[in-house]
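Chemist: I am attaching a structure below and will ask some questions about it afterwards.
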Amino acid sequence: MKKLLLVVVLLMMLTVIFSPLSVVAQAAPADDLQTVVERGVLRVGMEAGYAPYNYRQTTDANGAVAIYNQNGEFANGYDVKIAKYIAEQMGVTLEVHALEWDSLINALNAGTIDAIIAGMSPTEERKEAIDFSDKYYESNLVIVVRKDGKFSDSDNIEDFVGANIVAQRGTFHVDALEQITTVTDTNQYDTFATMITALKANTIDGYIAEEPGAIADCTANSELMYVPIRNNENGFTTAEGDTQLAVGLRKGSSLTAEINSILATVSDDQRAEWMDEAIAQQPVESIERGFFGNVAYILGRYWTKILQGVGTTILVSIVGTVAGMVIGLLVGFIRTLPTARTKAGRIWQKVYNFVFSAYVEIFRGTPMMVQAMVIYWGYALLNNGVTMNTFVAALLIVSVNTGAYITEIVRGGINALDKGQFEGSSAIGMTHWQTLRYVILPQTVKNILPAVSNEFVINIKDTSVLSVLAGFIDLYAVGNIIILGTYRTFEAYLIISVVYFLLTFCITRLLRLFERKLNGKSNYALYNSDIVSAAPNVTGE
């Protein structure tokens, strides 16, 4: 019954936590247009990883715009050109925010950004969550394949008999994928960079893309081509909104009418010119250097970012582990307090013991990535779009998550001590807190140190899940930046994995050395009769 009651109350707590977020997310927006004009800045969200619509580069060449939440990175592409034009016509400055695709609508509804210009199609499902402007581009779907593959001569979707075709998760391409009834296997990938790598490695036969994106991918990867399937009886059947691109805006936003009036002034010729420029200016090189040449090129170009990622990873892991240990010790010791003598005291003990139990169960029972999304975007929703500092959010998330695990480690460390420790301390007149401080704490810390060291090593690797936070650049995020800039997925992840291994290997050895120093010598010379007999006779006898 106690366990059932705990589960019910935990579910109620989660409902209380999430319900206000939903209310805020559905609240009517303020006058977005007036807010943008008064601020003098139009905040636009995009992936900065979907060429030629939006991609990243290391300089401001060709009119690229600095990415606000990623120092040293610049965004360019067709979407950036559209966003710059809209900002210029409104008389404000453009501010580009690079976000994960799955976070764009969350950031918009939270008020972190004012608009989404990210090659997003106004599908019916998305229209239920946000509003869209008029279209600013329209394309058609194609299938990218290898030039030397068996499907290079195809010209309609029925030719892909027995093929393994994939699409990007969270896009209408997934719906189009279901129309190819002759394939033997279909999958959904997170990014186009991953799909390109899989295609070049011959693990898939092709992937669905929009024609401008396919042109950009094939330009950067000479071994690829695309099958020019048109949206007709031999191609994909798509809704009108699926192949169009539009600006995403909050429900009821006053920016919608303003942006529509600005887009109406852009001619078809101008849009075609911007797209041609975006494809031609894409910085990805198609030079074949060989495996070791690619590794050397990546290290030479991105070594400073790799060091930055290492520093961020280590710092967050250290601070998070130390803070988590403090939390774990406090919670663990508070839960060892003796039963209160008064009725009010006993009730209060039950309350805080239940709260601590709920904290431990929630943070040990949910993935850190989910916790990061809830804490980061929940904070923004409840604070009118003001996001928590990304670094502070990362420290908070790692700390509270680690604290939940270390709380149980501390509990085990205390339970491992003989009860006589408490009884003996009480017998000589020590209070409970004095016992904890002078007797229990030193022994507990020594007992749990190996487990805490293991948590530290785990945190070094688990910071990778914090890539869902806007602008958090740890070692894993640097790997993604390398992939978006080079399309060398295997080489990039291999370099990152080697760096992770070196970090964990060296830190593990240092921690073991520290544990041995703390344990002292393995053998001690005892003061016994042999030693006494060997000592000089000070009595003169």
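Chain labels run A, B, ... following the order of the structure tokens; each chain numbers its residues from 1, and ligands are numbered from 1 in the order shown.
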Find the residues around Asn76 of chain A up to 6 Å (only C-alpha atoms counted), leave out those fewer than 2 positions away in its own chain, and share them as a ChimeraX atom specification.

Modeler: /A:54-55,64,80

Chemist: Please produce a file of those selected residues containing all heavy atoms, as an mmCIF file, in the first residue's frame.

Modeler:
data_model
loop_
_atom_site.group_PDB
_atom_site.id
_atom_site.type_symbol
_atom_site.label_atom_id
_atom_site.label_comp_id
_atom_site.auth_asym_id
_atom_site.auth_seq_id
_atom_site.Cartn_x
_atom_site.Cartn_y
_atom_site.Cartn_z
ATOM 1 N N ASN A 54 19.659 26.369 -44.550
ATOM 2 C CA ASN A 54 20.438 26.989 -43.478
ATOM 3 C C ASN A 54 21.611 26.087 -43.134
ATOM 4 O O ASN A 54 21.453 24.886 -43.007
ATOM 5 C CB ASN A 54 19.570 27.273 -42.241
ATOM 6 C CG ASN A 54 18.809 26.057 -41.759
ATOM 7 O OD1 ASN A 54 19.360 25.201 -41.068
ATOM 8 N ND2 ASN A 54 17.525 25.953 -42.099
ATOM 9 N N TYR A 55 22.762 26.671 -43.009
ATOM 10 C CA TYR A 55 23.961 25.923 -42.663
ATOM 11 C C TYR A 55 24.896 26.843 -41.892
ATOM 12 O O TYR A 55 24.652 28.044 -41.768
ATOM 13 C CB TYR A 55 24.661 25.364 -43.912
ATOM 14 C CG TYR A 55 24.853 26.359 -45.036
ATOM 15 C CD1 TYR A 55 25.914 27.275 -45.019
ATOM 16 C CD2 TYR A 55 23.996 26.374 -46.136
ATOM 17 C CE1 TYR A 55 26.101 28.171 -46.056
ATOM 18 C CE2 TYR A 55 24.172 27.274 -47.175
ATOM 19 C CZ TYR A 55 25.222 28.165 -47.145
ATOM 20 O OH TYR A 55 25.406 29.071 -48.163
ATOM 21 N N ALA A 64 27.073 36.015 -43.999
ATOM 22 C CA ALA A 64 26.630 35.133 -42.912
ATOM 23 C C ALA A 64 26.388 35.946 -41.641
ATOM 24 O O ALA A 64 26.982 36.998 -41.424
ATOM 25 C CB ALA A 64 27.662 34.052 -42.656
ATOM 26 N N VAL A 80 18.506 32.226 -44.084
ATOM 27 C CA VAL A 80 19.166 33.393 -43.508
ATOM 28 C C VAL A 80 18.939 34.610 -44.389
ATOM 29 O O VAL A 80 18.710 35.725 -43.892
ATOM 30 C CB VAL A 80 20.669 33.124 -43.309
ATOM 31 C CG1 VAL A 80 21.387 34.381 -42.802
ATOM 32 C CG2 VAL A 80 20.882 31.975 -42.334
#

Chemist: What are the closest atom pairs, with distances in Å to one decimal, for all residues of segment 115-137 of chain A lying within 10 Å of segment 81-97 of chain A? Consider only C-alpha atoms, order rows by chain and residue number, and present the result as JSON lines.

Modeler:
{"residue": "A:Ala115", "atom": "CA", "partner": "A:Ala83", "partner_atom": "CA", "distance": 9.3}
{"residue": "A:Ile116", "atom": "CA", "partner": "A:Ala83", "partner_atom": "CA", "distance": 9.4}
{"residue": "A:Ile117", "atom": "CA", "partner": "A:Ala83", "partner_atom": "CA", "distance": 7.0}
{"residue": "A:Ala118", "atom": "CA", "partner": "A:Ala83", "partner_atom": "CA", "distance": 9.8}
{"residue": "A:Tyr136", "atom": "CA", "partner": "A:Ile82", "partner_atom": "CA", "distance": 8.0}
{"residue": "A:Tyr137", "atom": "CA", "partner": "A:Ile82", "partner_atom": "CA", "distance": 9.9}

Chemist: Generate the output file for the selected residues, N, CA, C and O atoms, as a tab-separated table (two decimals), in the first residue's frame.

Modeler:
chain	number	residue	atom	x	y	z
A	115	ALA	N	10.41	33.84	-34.27
A	115	ALA	CA	9.97	33.20	-35.50
A	115	ALA	C	10.87	32.02	-35.81
A	115	ALA	O	12.02	31.96	-35.37
A	116	ILE	N	10.31	31.06	-36.57
A	116	ILE	CA	11.08	29.92	-37.07
A	116	ILE	C	11.23	30.09	-38.57
A	116	ILE	O	10.23	30.15	-39.30
A	117	ILE	N	12.45	30.21	-39.03
A	117	ILE	CA	12.72	30.23	-40.47
A	117	ILE	C	13.77	29.16	-40.70
A	117	ILE	O	14.97	29.41	-40.66
A	118	ALA	N	13.32	27.94	-40.90
A	118	ALA	CA	14.22	26.78	-40.88
A	118	ALA	C	13.85	25.73	-41.91
A	118	ALA	O	13.97	24.54	-41.66
A	136	TYR	N	7.39	31.09	-48.55
A	136	TYR	CA	8.52	31.86	-49.09
A	136	TYR	C	9.37	31.01	-50.03
A	136	TYR	O	10.33	31.50	-50.61
A	137	TYR	N	9.00	29.73	-50.18
A	137	TYR	CA	9.64	28.89	-51.18
A	137	TYR	C	8.80	27.64	-51.37
A	137	TYR	O	8.05	27.24	-50.47

Chemist: Find the residues around Thr444 of chain A up to 6 Å (only C-alpha atoms counted), leave out those fewer than 3 positions away in its own chain, and share them as a ChimeraX atom specification.

Modeler: /A:413-414,440-441,447

Chemist: Keeping only C-alpha atoms, write those residues as a short mmCIF file (atom, residue, chain, number, x, y, z; two decimals), in the first residue's frame.

Modeler:
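Below is the file part_8.cif, written as the result:
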data_model
loop_
_atom_site.label_atom_id
_atom_site.label_comp_id
_atom_site.auth_asym_id
_atom_site.auth_seq_id
_atom_site.Cartn_x
_atom_site.Cartn_y
_atom_site.Cartn_z
CA GLY A 413 27.41 3.81 2.96
CA ILE A 414 25.76 4.69 6.27
CA ILE A 440 29.95 8.76 10.56
CA LEU A 441 30.94 11.34 7.92
CA ASN A 447 33.30 4.03 1.85
#

Chemist: Between A:Gly412, A:Pro450, A:Gly119, A:Gly345, which one has atoms that come closest to Leu245 of chain A, using only C-alpha atoms?

Modeler: A:Gly119

Chemist: Write down as a PyMOL selection string the residues of segment 420-471 of chain A whose backbone DSSP state falls under alpha helix (DSSP H).

Modeler: chain A and resi 420-427+432-435+441-462

Chemist: Skipping near chain neighbours, those fewer than 4 positions away, what residues fall within 7 Å of segment 246-255 of chain A using only C-alpha atoms, listed as number ranges by chain?

Modeler: A: 28-29, 31-33, 108-109, 114-117, 120-122, 130-136, 259

Chemist: Write a file of the selected residues as a PDB file, in the first residue's frame, keeping N, CA, C and O atoms.

Modeler:
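What follows is the written file part04.pdb:
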ATOM      1  N   ALA A  28      -2.359  33.305 -24.803  1.00  0.00           N
ATOM      2  CA  ALA A  28      -2.315  34.199 -25.952  1.00  0.00           C
ATOM      3  C   ALA A  28      -1.060  35.056 -25.888  1.00  0.00           C
ATOM      4  O   ALA A  28      -0.696  35.580 -24.846  1.00  0.00           O
ATOM      5  N   PRO A  29      -0.318  35.182 -27.002  1.00  0.00           N
ATOM      6  CA  PRO A  29       0.901  35.961 -26.990  1.00  0.00           C
ATOM      7  C   PRO A  29       0.621  37.452 -26.894  1.00  0.00           C
ATOM      8  O   PRO A  29      -0.459  37.925 -27.221  1.00  0.00           O
ATOM      9  N   ASP A  31       1.687  41.447 -27.979  1.00  0.00           N
ATOM     10  CA  ASP A  31       1.852  42.055 -29.297  1.00  0.00           C
ATOM     11  C   ASP A  31       3.290  41.819 -29.749  1.00  0.00           C
ATOM     12  O   ASP A  31       4.197  42.606 -29.452  1.00  0.00           O
ATOM     13  N   ASP A  32       3.509  40.716 -30.465  1.00  0.00           N
ATOM     14  CA  ASP A  32       4.867  40.349 -30.857  1.00  0.00           C
ATOM     15  C   ASP A  32       5.523  41.406 -31.729  1.00  0.00           C
ATOM     16  O   ASP A  32       6.720  41.671 -31.592  1.00  0.00           O
ATOM     17  N   LEU A  33       4.768  41.983 -32.650  1.00  0.00           N
ATOM     18  CA  LEU A  33       5.333  42.993 -33.541  1.00  0.00           C
ATOM     19  C   LEU A  33       5.856  44.184 -32.751  1.00  0.00           C
ATOM     20  O   LEU A  33       6.977  44.650 -32.969  1.00  0.00           O
ATOM     21  N   LEU A 108       9.713  28.560 -29.704  1.00  0.00           N
ATOM     22  CA  LEU A 108       8.798  29.583 -30.201  1.00  0.00           C
ATOM     23  C   LEU A 108       7.652  29.813 -29.227  1.00  0.00           C
ATOM     24  O   LEU A 108       7.330  30.960 -28.861  1.00  0.00           O
ATOM     25  N   ASN A 109       7.036  28.745 -28.780  1.00  0.00           N
ATOM     26  CA  ASN A 109       5.914  28.880 -27.845  1.00  0.00           C
ATOM     27  C   ASN A 109       6.356  29.420 -26.490  1.00  0.00           C
ATOM     28  O   ASN A 109       5.572  30.077 -25.787  1.00  0.00           O
ATOM     29  N   ASP A 114      11.315  34.610 -31.794  1.00  0.00           N
ATOM     30  CA  ASP A 114      10.119  35.278 -32.321  1.00  0.00           C
ATOM     31  C   ASP A 114       9.556  34.570 -33.544  1.00  0.00           C
ATOM     32  O   ASP A 114       8.366  34.715 -33.848  1.00  0.00           O
ATOM     33  N   ALA A 115      10.411  33.844 -34.266  1.00  0.00           N
ATOM     34  CA  ALA A 115       9.968  33.196 -35.499  1.00  0.00           C
ATOM     35  C   ALA A 115      10.867  32.017 -35.809  1.00  0.00           C
ATOM     36  O   ALA A 115      12.024  31.962 -35.368  1.00  0.00           O
ATOM     37  N   ILE A 116      10.314  31.055 -36.566  1.00  0.00           N
ATOM     38  CA  ILE A 116      11.084  29.918 -37.069  1.00  0.00           C
ATOM     39  C   ILE A 116      11.228  30.089 -38.571  1.00  0.00           C
ATOM     40  O   ILE A 116      10.233  30.153 -39.299  1.00  0.00           O
ATOM     41  N   ILE A 117      12.454  30.208 -39.032  1.00  0.00           N
ATOM     42  CA  ILE A 117      12.724  30.226 -40.475  1.00  0.00           C
ATOM     43  C   ILE A 117      13.774  29.157 -40.698  1.00  0.00           C
ATOM     44  O   ILE A 117      14.973  29.408 -40.658  1.00  0.00           O
ATOM     45  N   MET A 120      10.931  24.948 -42.748  1.00  0.00           N
ATOM     46  CA  MET A 120       9.813  24.223 -42.145  1.00  0.00           C
ATOM     47  C   MET A 120       8.570  24.335 -43.014  1.00  0.00           C
ATOM     48  O   MET A 120       8.209  25.427 -43.461  1.00  0.00           O
ATOM     49  N   SER A 121       7.929  23.206 -43.236  1.00  0.00           N
ATOM     50  CA  SER A 121       6.706  23.177 -44.035  1.00  0.00           C
ATOM     51  C   SER A 121       5.487  23.353 -43.137  1.00  0.00           C
ATOM     52  O   SER A 121       5.433  22.790 -42.038  1.00  0.00           O
ATOM     53  N   PRO A 122       4.486  24.098 -43.593  1.00  0.00           N
ATOM     54  CA  PRO A 122       3.276  24.325 -42.782  1.00  0.00           C
ATOM     55  C   PRO A 122       2.302  23.149 -42.872  1.00  0.00           C
ATOM     56  O   PRO A 122       1.209  23.266 -43.446  1.00  0.00           O
ATOM     57  N   ILE A 130       1.298  25.981 -33.994  1.00  0.00           N
ATOM     58  CA  ILE A 130       1.759  27.338 -34.290  1.00  0.00           C
ATOM     59  C   ILE A 130       1.092  27.848 -35.556  1.00  0.00           C
ATOM     60  O   ILE A 130       0.455  27.088 -36.297  1.00  0.00           O
ATOM     61  N   ASP A 131       1.231  29.136 -35.815  1.00  0.00           N
ATOM     62  CA  ASP A 131       0.750  29.741 -37.050  1.00  0.00           C
ATOM     63  C   ASP A 131       1.888  29.813 -38.061  1.00  0.00           C
ATOM     64  O   ASP A 131       3.069  29.716 -37.702  1.00  0.00           O
ATOM     65  N   PHE A 132       1.520  30.011 -39.330  1.00  0.00           N
ATOM     66  CA  PHE A 132       2.519  30.129 -40.394  1.00  0.00           C
ATOM     67  C   PHE A 132       2.208  31.333 -41.271  1.00  0.00           C
ATOM     68  O   PHE A 132       1.045  31.723 -41.437  1.00  0.00           O
ATOM     69  N   SER A 133       3.267  31.895 -41.833  1.00  0.00           N
ATOM     70  CA  SER A 133       3.116  32.977 -42.804  1.00  0.00           C
ATOM     71  C   SER A 133       2.764  32.381 -44.163  1.00  0.00           C
ATOM     72  O   SER A 133       2.605  31.166 -44.305  1.00  0.00           O
ATOM     73  N   ASP A 134       2.662  33.240 -45.165  1.00  0.00           N
ATOM     74  CA  ASP A 134       2.551  32.761 -46.538  1.00  0.00           C
ATOM     75  C   ASP A 134       3.861  32.076 -46.914  1.00  0.00           C
ATOM     76  O   ASP A 134       4.891  32.275 -46.271  1.00  0.00           O
ATOM     77  N   LYS A 135       3.840  31.273 -47.954  1.00  0.00           N
ATOM     78  CA  LYS A 135       5.037  30.520 -48.348  1.00  0.00           C
ATOM     79  C   LYS A 135       6.141  31.479 -48.810  1.00  0.00           C
ATOM     80  O   LYS A 135       5.876  32.545 -49.365  1.00  0.00           O
ATOM     81  N   TYR A 136       7.394  31.092 -48.551  1.00  0.00           N
ATOM     82  CA  TYR A 136       8.517  31.859 -49.086  1.00  0.00           C
ATOM     83  C   TYR A 136       9.369  31.014 -50.029  1.00  0.00           C
ATOM     84  O   TYR A 136      10.332  31.505 -50.612  1.00  0.00           O
ATOM     85  N   ILE A 259       4.915  40.038 -41.620  1.00  0.00           N
ATOM     86  CA  ILE A 259       5.828  39.220 -42.424  1.00  0.00           C
ATOM     87  C   ILE A 259       5.198  38.875 -43.765  1.00  0.00           C
ATOM     88  O   ILE A 259       5.893  38.843 -44.800  1.00  0.00           O
TER      89      ILE A 259
END

Chemist: Nearest to Thr321 of chain A among A:Ser464, A:Leu449, A:Arg126, A:Asp474, with distances taken over only C-alpha atoms: which residue is it?

Modeler: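 Counting only C-alpha atoms, the residue closest to Thr321 of chain A is A:Leu449.
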
Chemist: If you run DSSP on this backbone, which residues of segment 109-200 of chain A come out as strand (DSSP E or B), and could you give them as a PyMOL selection string?

Modeler: chain A and resi 115-116+131-138+141-146+164-168+185-189

Chemist: Write out as a PyMOL selection string which residues come within 9 Å of Thr112 of chain A when counting only C-alpha atoms, dropping same-chain ones fewer than 2 positions away.

Modeler: chain A and resi 43+45+106-110+114+380-381+384-387

Chemist: Between atom CA of Met46 of chain A and atom CA of Tyr68 of chain A, what distance in Å does the model show, to one decimal?

Modeler: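 Result for atom CA of Met46 of chain A versus atom CA of Tyr68 of chain A: 11.4 Å, one decimal.
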